[in-house]
$ cat my_file_10.pdb   # PDB, C-alpha atoms
ATOM      1  CA  MET A   1       1.778 -11.759  -5.640
ATOM      2  CA  ALA A   2       3.058  -8.362  -4.619
ATOM      3  CA  VAL A   3       4.108  -6.183  -1.689
ATOM      4  CA  VAL A   4       3.357  -2.535  -2.414
ATOM      5  CA  ALA A   5       4.144   0.269   0.032
ATOM      6  CA  LEU A   6       2.475   3.682  -0.131
ATOM      7  CA  ALA A   7       4.008   6.785   1.431
ATOM      8  CA  GLY A   8       3.230  10.494   1.548
ATOM      9  CA  GLY A   9       4.837  13.843   2.116
ATOM     10  CA  LEU A  10       3.927  16.885   4.154
ATOM     11  CA  GLY A  11       0.294  17.764   4.605
ATOM     12  CA  ALA A  12      -2.360  15.181   3.859
ATOM     13  CA  PRO A  13      -1.876  13.904   0.304
ATOM     14  CA  GLY A  14      -4.410  11.107   0.815
ATOM     15  CA  VAL A  15      -2.259   8.021   1.391
ATOM     16  CA  THR A  16      -4.784   6.073   3.475
ATOM     17  CA  THR A  17      -7.736   6.996   1.263
ATOM     18  CA  THR A  18      -5.770   5.955  -1.823
ATOM     19  CA  ALA A  19      -4.668   2.724  -0.131
ATOM     20  CA  MET A  20      -8.273   1.896   0.753
ATOM     21  CA  ALA A  21      -9.397   2.580  -2.815
ATOM     22  CA  LEU A  22      -6.656   0.277  -4.129
ATOM     23  CA  LEU A  23      -7.659  -2.399  -1.610
ATOM     24  CA  MET A  24     -11.254  -2.385  -2.801
ATOM     25  CA  GLY A  25     -10.293  -2.185  -6.472
ATOM     26  CA  TRP A  26      -7.485  -4.769  -6.381
ATOM     27  CA  PRO A  27      -7.945  -7.577  -8.953
ATOM     28  CA  LEU A  28      -8.211 -10.969  -7.284
ATOM     29  CA  ALA A  29      -7.995 -14.389  -8.853
ATOM     30  CA  GLU A  30     -10.064 -17.137  -7.258
ATOM     31  CA  GLY A  31      -8.677 -18.106  -3.882
ATOM     32  CA  HIS A  32      -6.422 -15.047  -3.595
ATOM     33  CA  ARG A  33      -6.643 -12.214  -1.080
ATOM     34  CA  VAL A  34      -5.294  -8.729  -0.561
ATOM     35  CA  VAL A  35      -4.327  -7.224   2.799
ATOM     36  CA  LEU A  36      -3.922  -3.548   3.670
ATOM     37  CA  ALA A  37      -1.585  -3.057   6.628
ATOM     38  CA  GLU A  38      -1.883   0.395   8.177
ATOM     39  CA  ALA A  39       1.689   0.891   9.382
ATOM     40  CA  ASP A  40       1.763   4.664   9.831
ATOM     41  CA  PRO A  41       3.807   5.525  12.975
ATOM     42  CA  ASP A  42       1.714   8.689  13.380
ATOM     43  CA  GLY A  43      -1.363   6.581  14.063
ATOM     44  CA  GLY A  44      -4.050   4.929  12.004
ATOM     45  CA  ALA A  45      -7.137   6.455  10.431
ATOM     46  CA  ILE A  46      -9.069   3.385   9.281
ATOM     47  CA  LEU A  47     -10.648   2.384  12.599
ATOM     48  CA  PRO A  48     -12.244   5.788  13.263
ATOM     49  CA  GLY A  49     -12.580   6.575   9.540
ATOM     50  CA  ALA A  50     -13.595   3.900   7.047
ATOM     51  CA  LEU A  51     -14.725   1.532   9.828
ATOM     52  CA  GLN A  52     -16.449   4.383  11.736
ATOM     53  CA  GLY A  53     -15.340   3.094  15.111
ATOM     54  CA  THR A  54     -17.430  -0.086  14.774
ATOM     55  CA  LEU A  55     -14.510  -2.058  16.222
ATOM     56  CA  ASP A  56     -12.686  -1.412  19.448
ATOM     57  CA  ASN A  57      -8.931  -1.656  19.787
ATOM     58  CA  SER A  58      -9.019  -5.444  20.089
ATOM     59  CA  HIS A  59      -7.795  -5.667  16.491
ATOM     60  CA  GLY A  60      -4.783  -3.893  15.087
ATOM     61  CA  LEU A  61      -1.085  -3.294  14.786
ATOM     62  CA  ARG A  62      -0.648  -2.420  18.460
ATOM     63  CA  ASN A  63      -1.406  -6.006  19.465
ATOM     64  CA  LEU A  64       1.608  -7.281  17.542
ATOM     65  CA  ALA A  65       4.022  -5.610  19.986
ATOM     66  CA  VAL A  66       3.425  -8.224  22.693
ATOM     67  CA  ALA A  67       3.545 -11.006  20.084
ATOM     68  CA  ALA A  68       6.924  -9.737  18.850
ATOM     69  CA  ARG A  69       8.450 -10.126  22.320
ATOM     70  CA  GLN A  70       7.257 -13.732  22.270
ATOM     71  CA  GLY A  71       8.440 -14.393  18.731
ATOM     72  CA  GLN A  72       4.848 -14.899  17.546
ATOM     73  CA  VAL A  73       4.241 -12.057  15.096
ATOM     74  CA  THR A  74       3.158 -14.381  12.280
ATOM     75  CA  GLU A  75       0.587 -16.223  14.384
ATOM     76  CA  ALA A  76      -0.789 -12.992  15.870
ATOM     77  CA  PHE A  77      -0.918 -11.185  12.516
ATOM     78  CA  TRP A  78      -3.661 -13.400  11.076
ATOM     79  CA  ARG A  79      -5.832 -12.895  14.149
ATOM     80  CA  GLN A  80      -5.684  -9.105  13.824
ATOM     81  CA  LEU A  81      -7.092  -8.838  10.289
ATOM     82  CA  VAL A  82     -10.519  -7.305   9.712
ATOM     83  CA  ASP A  83     -12.776  -8.176   6.775
ATOM     84  CA  VAL A  84     -13.950  -4.991   5.027
ATOM     85  CA  THR A  85     -16.231  -6.655   2.486
ATOM     86  CA  ASP A  86     -20.002  -6.491   2.902
ATOM     87  CA  ALA A  87     -20.249 -10.154   1.886
ATOM     88  CA  GLU A  88     -17.723 -11.207   4.562
ATOM     89  CA  THR A  89     -15.676 -13.086   1.979
ATOM     90  CA  ARG A  90     -12.402 -12.352   3.817
ATOM     91  CA  ASP A  91     -10.627 -11.661   0.557
ATOM     92  CA  ARG A  92     -10.072  -7.950   1.285
ATOM     93  CA  LEU A  93      -8.597  -7.542   4.741
ATOM     94  CA  VAL A  94      -7.243  -4.687   6.858
ATOM     95  CA  LEU A  95      -4.719  -4.645   9.677
ATOM     96  CA  PRO A  96      -5.828  -1.460  11.498
ATOM     97  CA  GLY A  97      -3.078   0.899  12.591
ATOM     98  CA  LEU A  98      -2.083   2.416  15.900
ATOM     99  CA  TYR A  99      -4.841   4.314  17.668
ATOM    100  CA  ASP A 100      -2.280   6.357  19.629
ATOM    101  CA  PRO A 101       0.994   7.631  18.068
ATOM    102  CA  ALA A 102       2.588   7.270  21.503
ATOM    103  CA  HIS A 103       2.592   3.510  20.898
ATOM    104  CA  ALA A 104       5.000   3.848  17.954
ATOM    105  CA  SER A 105       8.081   3.449  20.147
ATOM    106  CA  ALA A 106       6.842   0.040  21.301
ATOM    107  CA  MET A 107       6.586  -1.139  17.686
ATOM    108  CA  GLU A 108      10.309  -1.237  16.881
ATOM    109  CA  PRO A 109      10.595  -5.020  17.498
ATOM    110  CA  VAL A 110       7.624  -5.576  15.154
ATOM    111  CA  TRP A 111       8.767  -3.989  11.902
ATOM    112  CA  ARG A 112      11.459  -6.467  10.863
ATOM    113  CA  PRO A 113       9.462  -9.685  11.422
ATOM    114  CA  LEU A 114       6.441  -8.006   9.848
ATOM    115  CA  ALA A 115       8.491  -7.113   6.753
ATOM    116  CA  ALA A 116       9.685 -10.728   6.532
ATOM    117  CA  LEU A 117       6.097 -11.942   6.857
ATOM    118  CA  PHE A 118       4.942  -9.674   4.031
ATOM    119  CA  ALA A 119       7.815 -10.795   1.809
ATOM    120  CA  GLY A 120       6.764 -14.422   2.191
ATOM    121  CA  ILE A 121       3.014 -14.011   2.286
ATOM    122  CA  GLU A 122       2.571 -14.781  -1.407
ATOM    123  CA  GLU A 123       2.804 -18.442  -0.480
ATOM    124  CA  HIS A 124      -0.676 -17.961   0.960
ATOM    125  CA  GLY A 125      -1.984 -16.335  -2.231
ATOM    126  CA  HIS A 126      -1.964 -12.817  -0.748
ATOM    127  CA  ASP A 127      -0.961  -9.413  -2.028
ATOM    128  CA  VAL A 128      -0.057  -6.788   0.573
ATOM    129  CA  LEU A 129      -0.552  -3.025   0.521
ATOM    130  CA  VAL A 130       1.382  -1.187   3.244
ATOM    131  CA  ASP A 131       0.224   2.288   4.282
ATOM    132  CA  LEU A 132       3.380   3.978   5.613
ATOM    133  CA  GLY A 133       1.841   7.422   6.009
ATOM    134  CA  ARG A 134       4.113  10.452   6.143
ATOM    135  CA  ARG A 135       6.973   9.047   8.261
ATOM    136  CA  GLY A 136       6.790   5.289   7.856
ATOM    137  CA  ALA A 137       9.205   5.018   4.940
ATOM    138  CA  PHE A 138      11.938   6.346   7.230
ATOM    139  CA  GLY A 139      13.206   5.427  10.665
ATOM    140  CA  ALA A 140      12.588   2.076  12.318
ATOM    141  CA  SER A 141       9.680   1.112  10.053
ATOM    142  CA  ALA A 142      11.678   1.814   6.869
ATOM    143  CA  ILE A 143      12.368  -1.930   6.557
ATOM    144  CA  LEU A 144       8.781  -2.245   5.287
ATOM    145  CA  ALA A 145       9.653  -0.034   2.320
ATOM    146  CA  GLN A 146      13.012  -1.705   1.772
ATOM    147  CA  ARG A 147      11.425  -5.167   1.509
ATOM    148  CA  ALA A 148       8.586  -4.050  -0.781
ATOM    149  CA  ASP A 149       8.480  -4.700  -4.519
ATOM    150  CA  VAL A 150       7.260  -1.183  -5.243
ATOM    151  CA  VAL A 151       7.117   2.001  -3.172
ATOM    152  CA  LEU A 152       4.550   4.535  -4.364
ATOM    153  CA  MET A 153       4.597   8.156  -3.243
ATOM    154  CA  VAL A 154       1.073   9.592  -3.139
ATOM    155  CA  VAL A 155       1.314  13.149  -4.460
ATOM    156  CA  ARG A 156      -1.195  15.882  -5.142
ATOM    157  CA  ASN A 157      -0.266  17.779  -8.294
ATOM    158  CA  THR A 158      -0.293  21.163  -6.610
ATOM    159  CA  LEU A 159       2.840  23.280  -6.232
ATOM    160  CA  ARG A 160       3.021  22.515  -2.512
ATOM    161  CA  GLY A 161       2.425  18.823  -3.158
ATOM    162  CA  LEU A 162       5.146  18.541  -5.799
ATOM    163  CA  GLN A 163       7.715  20.461  -3.761
ATOM    164  CA  SER A 164       7.037  18.331  -0.689
ATOM    165  CA  ALA A 165       7.280  15.144  -2.744
ATOM    166  CA  GLN A 166      10.604  16.168  -4.275
ATOM    167  CA  VAL A 167      12.317  16.327  -0.896
ATOM    168  CA  ARG A 168      10.818  13.016   0.213
ATOM    169  CA  LEU A 169      11.685  11.270  -3.033
ATOM    170  CA  ASP A 170      15.320  12.363  -2.865
ATOM    171  CA  ALA A 171      15.588  10.862   0.619
ATOM    172  CA  LEU A 172      13.697   7.743  -0.436
ATOM    173  CA  ARG A 173      15.980   7.062  -3.401
ATOM    174  CA  GLU A 174      19.031   7.334  -1.163
ATOM    175  CA  GLN A 175      17.545   5.079   1.486
ATOM    176  CA  LEU A 176      16.219   2.338  -0.796
ATOM    177  CA  GLY A 177      19.289   2.229  -3.000
ATOM    178  CA  GLY A 178      17.431   0.401  -5.737
ATOM    179  CA  SER A 179      15.960  -2.286  -3.473
ATOM    180  CA  ALA A 180      12.440  -1.373  -4.659
ATOM    181  CA  GLU A 181      10.863   0.348  -7.619
ATOM    182  CA  ILE A 182       9.716   3.902  -6.874
ATOM    183  CA  GLY A 183       6.724   5.483  -8.553
ATOM    184  CA  ILE A 184       4.094   8.174  -8.140
ATOM    185  CA  LEU A 185       0.377   7.809  -7.564
ATOM    186  CA  MET A 186      -0.855  11.268  -8.489
ATOM    187  CA  VAL A 187      -4.025  12.707  -6.976
ATOM    188  CA  ASP A 188      -5.326  15.059  -9.650
ATOM    189  CA  GLU A 189      -6.260  18.071  -7.530
ATOM    190  CA  GLY A 190      -3.940  20.702  -9.005
ATOM    191  CA  PRO A 191      -2.998  22.246 -12.337
ATOM    192  CA  TYR A 192       0.119  20.246 -13.203
ATOM    193  CA  PRO A 193      -0.355  17.437 -15.749
ATOM    194  CA  LYS A 194       1.066  13.944 -15.374
ATOM    195  CA  GLU A 195       4.000  14.490 -17.725
ATOM    196  CA  GLU A 196       5.065  17.720 -16.035
ATOM    197  CA  ALA A 197       4.950  16.013 -12.630
ATOM    198  CA  ARG A 198       7.080  13.172 -13.984
ATOM    199  CA  LYS A 199       9.707  15.558 -15.339
ATOM    200  CA  HIS A 200       9.786  17.612 -12.150
ATOM    201  CA  LEU A 201      10.079  14.617  -9.814
ATOM    202  CA  GLY A 202      12.185  12.349 -12.026
ATOM    203  CA  VAL A 203       9.973   9.369 -11.164
ATOM    204  CA  PRO A 204       7.339   7.684 -13.344
ATOM    205  CA  VAL A 205       3.706   8.466 -12.614
ATOM    206  CA  VAL A 206       2.250   4.980 -12.316
ATOM    207  CA  ALA A 207      -1.383   6.081 -12.167
ATOM    208  CA  VAL A 208      -3.583   9.125 -11.658
ATOM    209  CA  MET A 209      -6.404   9.163  -9.124
ATOM    210  CA  PRO A 210      -9.200  11.721  -9.599
ATOM    211  CA  TRP A 211      -9.932  14.427  -7.073
ATOM    212  CA  ARG A 212     -13.409  13.363  -5.935
ATOM    213  CA  PRO A 213     -13.891  14.422  -2.286
ATOM    214  CA  LYS A 214     -17.457  13.105  -2.005
ATOM    215  CA  GLU A 215     -16.473   9.650  -3.214
ATOM    216  CA  ALA A 216     -13.210   9.696  -1.242
ATOM    217  CA  ARG A 217     -15.109  10.237   2.030
ATOM    218  CA  VAL A 218     -16.415   6.680   1.738
ATOM    219  CA  PHE A 219     -12.850   5.538   2.445
ATOM    220  CA  SER A 220     -11.628   8.376   4.649
ATOM    221  CA  ASP A 221     -14.696   8.742   6.898
ATOM    222  CA  GLY A 222     -16.979   5.786   6.236
ATOM    223  CA  ALA A 223     -19.519   8.008   4.496
ATOM    224  CA  GLU A 224     -22.495   6.500   2.718
ATOM    225  CA  GLN A 225     -21.670   5.504  -0.823
ATOM    226  CA  PRO A 226     -22.969   7.947  -3.430
ATOM    227  CA  ARG A 227     -25.203   6.613  -6.159
ATOM    228  CA  ARG A 228     -23.320   4.441  -8.672
ATOM    229  CA  PHE A 229     -20.203   4.574  -6.488
ATOM    230  CA  GLU A 230     -18.802   1.263  -7.725
ATOM    231  CA  VAL A 231     -18.838   2.446 -11.340
ATOM    232  CA  GLY A 232     -17.851   6.024 -10.492
ATOM    233  CA  GLU A 233     -14.612   7.676 -11.505
ATOM    234  CA  LEU A 234     -12.770   6.997  -8.247
ATOM    235  CA  MET A 235     -13.357   3.250  -8.268
ATOM    236  CA  ARG A 236     -12.728   2.949 -11.995
ATOM    237  CA  SER A 237      -9.405   4.734 -11.516
ATOM    238  CA  ALA A 238      -8.567   2.588  -8.476
ATOM    239  CA  ARG A 239      -9.106  -0.607 -10.450
ATOM    240  CA  SER A 240      -6.999   0.682 -13.344
ATOM    241  CA  ALA A 241      -4.262   1.818 -10.930
ATOM    242  CA  ALA A 242      -4.230  -1.570  -9.220
ATOM    243  CA  VAL A 243      -3.745  -3.350 -12.535
ATOM    244  CA  ARG A 244      -0.914  -0.983 -13.475
ATOM    245  CA  VAL A 245       0.805  -1.497 -10.120
ATOM    246  CA  ARG A 246       0.579  -5.274 -10.494
ATOM    247  CA  GLU A 247       2.115  -4.969 -13.957
ATOM    248  CA  LEU A 248       4.964  -2.888 -12.533
ATOM    249  CA  VAL A 249       5.656  -5.578  -9.936
ATOM    250  CA  GLU A 250       5.709  -8.297 -12.598
ATOM    251  CA  ILE A 251       8.091  -6.281 -14.789
ATOM    252  CA  ARG A 252      10.435  -5.762 -11.849
ATOM    253  CA  ARG A 253      10.389  -9.412 -10.840
ATOM    254  CA  SER A 254      10.991 -10.558 -14.411
ATOM    255  CA  ARG A 255      13.993  -8.263 -14.625
ATOM    256  CA  LEU A 256      15.441  -9.551 -11.352
ATOM    257  CA  ALA A 257      14.716 -13.227 -12.003
ATOM    258  CA  PRO A 258      17.823 -15.406 -12.546
ATOM    259  CA  PRO A 259      18.348 -16.540 -16.129
ATOM    260  CA  PRO A 260      17.199 -20.092 -16.955
ATOM    261  CA  PRO A 261      19.898 -22.777 -16.820
ATOM    262  CA  GLU A 262      21.652 -23.933 -19.942
ATOM    263  CA  SER A 263      21.861 -27.488 -21.196
ATOM    264  CA  PRO A 264      25.302 -29.106 -21.766
ATOM    265  CA  SER A 265      25.005 -28.003 -25.397
ATOM    266  CA  GLY A 266      24.794 -24.390 -24.273
ATOM    267  CA  ARG A 267      21.109 -24.025 -25.116
ATOM    268  CA  VAL A 268      18.651 -22.555 -22.641
ATOM    269  CA  VAL A 269      16.501 -25.279 -21.101
ATOM    270  CA  SER A 270      12.918 -24.455 -22.028
ATOM    271  CA  GLY A 271      10.470 -24.407 -19.130
ATOM    272  CA  ALA A 272      13.210 -24.751 -16.521
ATOM    273  CA  ARG A 273      12.226 -23.833 -12.985
TER
END

$ encode --input "my_file_10.pdb" --output "structure tokens"
Amino acid sequence: MAVVALAGGLGAPGVTTTAMALLMGWPLAEGHRVVLAEADPDGGAILPGALQGTLDNSHGLRNLAVAARQGQVTEAFWRQLVDVTDAETRDRLVLPGLYDPAHASAMEPVWRPLAALFAGIEEHGHDVLVDLGRRGAFGASAILAQRADVVLMVVRNTLRGLQSAQVRLDALREQLGGSAEIGILMVDEGPYPKEEARKHLGVPVVAVMPWRPKEARVFSDGAEQPRRFEVGELMRSARSAAVRVRELVEIRRSRLAPPPPESPSGRVVSGAR
């Protein structure tokens, strides 16, 4: 299982829309689930956007603040999740974000236990996507990025997008200090190709998402799905990106795994756990 954080730079590079696309395209083995936690300190967009205000504020990140003061973040977390599947299978779940950025200051006691919860959630057969928005990879909520397996910067390949990302990536590298892999999810709106973006930013481009505003509005605004949406370019790219991100997590974990023990003869013990 994996913990993957997504962050953005200045402007609106499309972090939440990309996170929602990944959530819906994430590959799931039987019995496994994926959770998208909207942890943007500037406020969430999923409740009024993808969910079109169909839920009130009875579910969401804000409700974990009281639980944190009582030491009950884990118990409260599971009650706040919203099923976003039409079939109500509860295998693709969302923790809606703050509905008022003014509540961000009350969330400081939440971030650390929430990061610990995400780090251990694989025991329940869950992957976690964390939408950090523009500011969430820094400040009090930065622990969510530090405890992730992979941190992905969502970048539009325009000149403004690349310049904004460069500044954020420099700060992110310094802050993470190698605690997580850093990569780019490139939104293909501008003229700069994948390889040029990689050279400019000095970070691998993990996947490229197409610039498809009509399809993206399904996730950003809860718009009606266009014809053949599920087999359209956005969802095909989201599924491919999700697979690539999972592979990146597995590569990182394999590299960090302790070597297998040796037998008294000095040979590696096959199948050792």

$ closest_residue --input "my_file_10.pdb" --among "A:Ala50, A:Met1, A:Gln146, A:Glu30" --to "Gln225 of chain A" --atoms "all atoms listed in the file"
A:Ala50

$ residues_around --input "my_file_10.pdb" --residues "segment 168-177 of chain A" --least-positions-apart "5" --cutoff "12 Å" --atoms "all atoms listed in the file" --output "count of residues only"
36

$ closest_residue --input "my_file_10.pdb" --among "A:Arg212, A:Leu114, A:Arg156, A:Arg92" --to "His32 of chain A" --atoms "all atoms listed in the file"
A:Arg92

$ atom_distance --input "my_file_10.pdb" --atom1 "atom CA of Gly31 of chain A" --atom2 "atom CA of Val218 of chain A"
26.6 Å

$ resolve_selection --input "my_file_10.pdb" --expression "the PyMOL selection byres ((chain A and resi 74) around 8)" --output "number ranges by chain"
A: 72-73, 75-78, 113-114, 117

$ atom_distance --input "my_file_10.pdb" --atom1 "atom CA of Gly232 of chain A" --atom2 "atom CA of Lys214 of chain A"
11.1 Å

$ resolve_selection --input "my_file_10.pdb" --expression "the PyMOL selection byres ((chain A and resi 104) around 10)" --output "ChimeraX atom specification"
/A:39-43,61-62,65,98-103,105-108,140-141

$ write_last_selection --input "my_file_10.pdb" --atoms "C-alpha atoms" --output "compact mmCIF listing (two decimals), in the frame of the given file"
# COMPACT_ATOMS: atom_id res chain seq x y z
CA ALA A 39 1.69 0.89 9.38
CA ASP A 40 1.76 4.66 9.83
CA PRO A 41 3.81 5.52 12.98
CA ASP A 42 1.71 8.69 13.38
CA GLY A 43 -1.36 6.58 14.06
CA LEU A 61 -1.08 -3.29 14.79
CA ARG A 62 -0.65 -2.42 18.46
CA ALA A 65 4.02 -5.61 19.99
CA LEU A 98 -2.08 2.42 15.90
CA TYR A 99 -4.84 4.31 17.67
CA ASP A 100 -2.28 6.36 19.63
CA PRO A 101 0.99 7.63 18.07
CA ALA A 102 2.59 7.27 21.50
CA HIS A 103 2.59 3.51 20.90
CA SER A 105 8.08 3.45 20.15
CA ALA A 106 6.84 0.04 21.30
CA MET A 107 6.59 -1.14 17.69
CA GLU A 108 10.31 -1.24 16.88
CA ALA A 140 12.59 2.08 12.32
CA SER A 141 9.68 1.11 10.05

$ atom_distance --input "my_file_10.pdb" --atom1 "atom CA of Arg90 of chain A" --atom2 "atom CA of Val249 of chain A"
23.7 Å

$ closest_residue --input "my_file_10.pdb" --among "A:Leu234, A:Val208, A:Ala242, A:Ala87" --to "Val34 of chain A" --atoms "all atoms listed in the file"
A:Ala242

$ residues_around --input "my_file_10.pdb" --residues "Thr85 of chain A" --least-positions-apart "3" --cutoff "12 Å" --atoms "all atoms listed in the file" --output "number ranges by chain"
A: 20, 23-25, 33-35, 50-51, 82, 88-94

$ resolve_selection --input "my_file_10.pdb" --expression "the PyMOL selection byres ((chain A and resi 256) around 12)" --output "PDB file with C-alpha atoms, keeping the file's coordinate frame"
ATOM      1  CA  ASP A 149       8.480  -4.700  -4.519  1.00  0.00           C
ATOM      2  CA  GLY A 178      17.431   0.401  -5.737  1.00  0.00           C
ATOM      3  CA  SER A 179      15.960  -2.286  -3.473  1.00  0.00           C
ATOM      4  CA  ALA A 180      12.440  -1.373  -4.659  1.00  0.00           C
ATOM      5  CA  GLU A 181      10.863   0.348  -7.619  1.00  0.00           C
ATOM      6  CA  VAL A 249       5.656  -5.578  -9.936  1.00  0.00           C
ATOM      7  CA  GLU A 250       5.709  -8.297 -12.598  1.00  0.00           C
ATOM      8  CA  ILE A 251       8.091  -6.281 -14.789  1.00  0.00           C
ATOM      9  CA  ARG A 252      10.435  -5.762 -11.849  1.00  0.00           C
ATOM     10  CA  ARG A 253      10.389  -9.412 -10.840  1.00  0.00           C
ATOM     11  CA  SER A 254      10.991 -10.558 -14.411  1.00  0.00           C
ATOM     12  CA  ARG A 255      13.993  -8.263 -14.625  1.00  0.00           C
ATOM     13  CA  ALA A 257      14.716 -13.227 -12.003  1.00  0.00           C
ATOM     14  CA  PRO A 258      17.823 -15.406 -12.546  1.00  0.00           C
ATOM     15  CA  PRO A 259      18.348 -16.540 -16.129  1.00  0.00           C
TER      16      PRO A 259
END

$ residues_around --input "my_file_10.pdb" --residues "Glu38 of chain A" --least-positions-apart "6" --cutoff "9 Å" --atoms "all atoms listed in the file" --output "PyMOL selection string"
chain A and resi 16+44-46+60-61+94-98+129-133

$ write_last_selection --input "my_file_10.pdb" --atoms "C-alpha atoms" --output "PDB file, in the coordinates of the input"
ATOM      1  CA  THR A  16      -4.784   6.073   3.475  1.00  0.00           C
ATOM      2  CA  GLY A  44      -4.050   4.929  12.004  1.00  0.00           C
ATOM      3  CA  ALA A  45      -7.137   6.455  10.431  1.00  0.00           C
ATOM      4  CA  ILE A  46      -9.069   3.385   9.281  1.00  0.00           C
ATOM      5  CA  GLY A  60      -4.783  -3.893  15.087  1.00  0.00           C
ATOM      6  CA  LEU A  61      -1.085  -3.294  14.786  1.00  0.00           C
ATOM      7  CA  VAL A  94      -7.243  -4.687   6.858  1.00  0.00           C
ATOM      8  CA  LEU A  95      -4.719  -4.645   9.677  1.00  0.00           C
ATOM      9  CA  PRO A  96      -5.828  -1.460  11.498  1.00  0.00           C
ATOM     10  CA  GLY A  97      -3.078   0.899  12.591  1.00  0.00           C
ATOM     11  CA  LEU A  98      -2.083   2.416  15.900  1.00  0.00           C
ATOM     12  CA  LEU A 129      -0.552  -3.025   0.521  1.00  0.00           C
ATOM     13  CA  VAL A 130       1.382  -1.187   3.244  1.00  0.00           C
ATOM     14  CA  ASP A 131       0.224   2.288   4.282  1.00  0.00           C
ATOM     15  CA  LEU A 132       3.380   3.978   5.613  1.00  0.00           C
ATOM     16  CA  GLY A 133       1.841   7.422   6.009  1.00  0.00           C
TER      17      GLY A 133
END

$ closest_residue --input "my_file_10.pdb" --among "A:Leu248, A:Glu123, A:Val110, A:Thr54" --to "Ala68 of chain A" --atoms "only C-alpha atoms"
A:Val110

$ decode --input "my_file_10.pdb" --residues "segment 251-256 of chain A" --atoms "all heavy atoms" --output "PDB file, in the first residue's frame"
ATOM      1  N   ILE A 251       9.314   0.673  -5.874  1.00  0.00           N
ATOM      2  CA  ILE A 251      10.757   0.803  -6.100  1.00  0.00           C
ATOM      3  C   ILE A 251      11.416   1.436  -4.885  1.00  0.00           C
ATOM      4  O   ILE A 251      12.462   0.984  -4.405  1.00  0.00           O
ATOM      5  CB  ILE A 251      11.030   1.638  -7.370  1.00  0.00           C
ATOM      6  CG1 ILE A 251      10.611   0.852  -8.617  1.00  0.00           C
ATOM      7  CG2 ILE A 251      12.507   2.032  -7.458  1.00  0.00           C
ATOM      8  CD1 ILE A 251      10.628   1.668  -9.888  1.00  0.00           C
ATOM      9  N   ARG A 252      10.806   2.486  -4.360  1.00  0.00           N
ATOM     10  CA  ARG A 252      11.370   3.165  -3.192  1.00  0.00           C
ATOM     11  C   ARG A 252      11.408   2.231  -1.988  1.00  0.00           C
ATOM     12  O   ARG A 252      12.418   2.153  -1.279  1.00  0.00           O
ATOM     13  CB  ARG A 252      10.539   4.401  -2.856  1.00  0.00           C
ATOM     14  CG  ARG A 252      10.998   5.115  -1.586  1.00  0.00           C
ATOM     15  CD  ARG A 252      10.120   6.300  -1.267  1.00  0.00           C
ATOM     16  NE  ARG A 252      10.617   6.995  -0.093  1.00  0.00           N
ATOM     17  CZ  ARG A 252      10.253   6.694   1.158  1.00  0.00           C
ATOM     18  NH1 ARG A 252       9.404   5.709   1.383  1.00  0.00           N
ATOM     19  NH2 ARG A 252      10.727   7.391   2.174  1.00  0.00           N
ATOM     20  N   ARG A 253      10.338   1.520  -1.745  1.00  0.00           N
ATOM     21  CA  ARG A 253      10.294   0.639  -0.583  1.00  0.00           C
ATOM     22  C   ARG A 253      11.280  -0.516  -0.712  1.00  0.00           C
ATOM     23  O   ARG A 253      11.871  -0.948   0.277  1.00  0.00           O
ATOM     24  CB  ARG A 253       8.873   0.124  -0.375  1.00  0.00           C
ATOM     25  CG  ARG A 253       7.915   1.223   0.094  1.00  0.00           C
ATOM     26  CD  ARG A 253       6.615   0.665   0.572  1.00  0.00           C
ATOM     27  NE  ARG A 253       5.795   1.695   1.199  1.00  0.00           N
ATOM     28  CZ  ARG A 253       4.637   1.453   1.809  1.00  0.00           C
ATOM     29  NH1 ARG A 253       4.183   0.205   1.881  1.00  0.00           N
ATOM     30  NH2 ARG A 253       3.943   2.431   2.341  1.00  0.00           N
ATOM     31  N   SER A 254      11.442  -1.023  -1.928  1.00  0.00           N
ATOM     32  CA  SER A 254      12.422  -2.094  -2.139  1.00  0.00           C
ATOM     33  C   SER A 254      13.830  -1.604  -1.850  1.00  0.00           C
ATOM     34  O   SER A 254      14.652  -2.317  -1.266  1.00  0.00           O
ATOM     35  CB  SER A 254      12.326  -2.616  -3.576  1.00  0.00           C
ATOM     36  OG  SER A 254      11.074  -3.215  -3.808  1.00  0.00           O
ATOM     37  N   ARG A 255      14.104  -0.360  -2.249  1.00  0.00           N
ATOM     38  CA  ARG A 255      15.429   0.201  -2.024  1.00  0.00           C
ATOM     39  C   ARG A 255      15.707   0.427  -0.545  1.00  0.00           C
ATOM     40  O   ARG A 255      16.841   0.273  -0.079  1.00  0.00           O
ATOM     41  CB  ARG A 255      15.556   1.519  -2.793  1.00  0.00           C
ATOM     42  CG  ARG A 255      16.978   2.087  -2.798  1.00  0.00           C
ATOM     43  CD  ARG A 255      17.106   3.308  -3.679  1.00  0.00           C
ATOM     44  NE  ARG A 255      16.375   4.436  -3.149  1.00  0.00           N
ATOM     45  CZ  ARG A 255      15.308   4.979  -3.719  1.00  0.00           C
ATOM     46  NH1 ARG A 255      14.830   4.491  -4.841  1.00  0.00           N
ATOM     47  NH2 ARG A 255      14.697   6.023  -3.183  1.00  0.00           N
ATOM     48  N   LEU A 256      14.670   0.781   0.208  1.00  0.00           N
ATOM     49  CA  LEU A 256      14.844   1.083   1.630  1.00  0.00           C
ATOM     50  C   LEU A 256      14.698  -0.143   2.518  1.00  0.00           C
ATOM     51  O   LEU A 256      15.001  -0.071   3.719  1.00  0.00           O
ATOM     52  CB  LEU A 256      13.813   2.127   2.069  1.00  0.00           C
ATOM     53  CG  LEU A 256      13.925   3.513   1.412  1.00  0.00           C
ATOM     54  CD1 LEU A 256      12.815   4.414   1.916  1.00  0.00           C
ATOM     55  CD2 LEU A 256      15.288   4.135   1.670  1.00  0.00           C
TER      56      LEU A 256
END
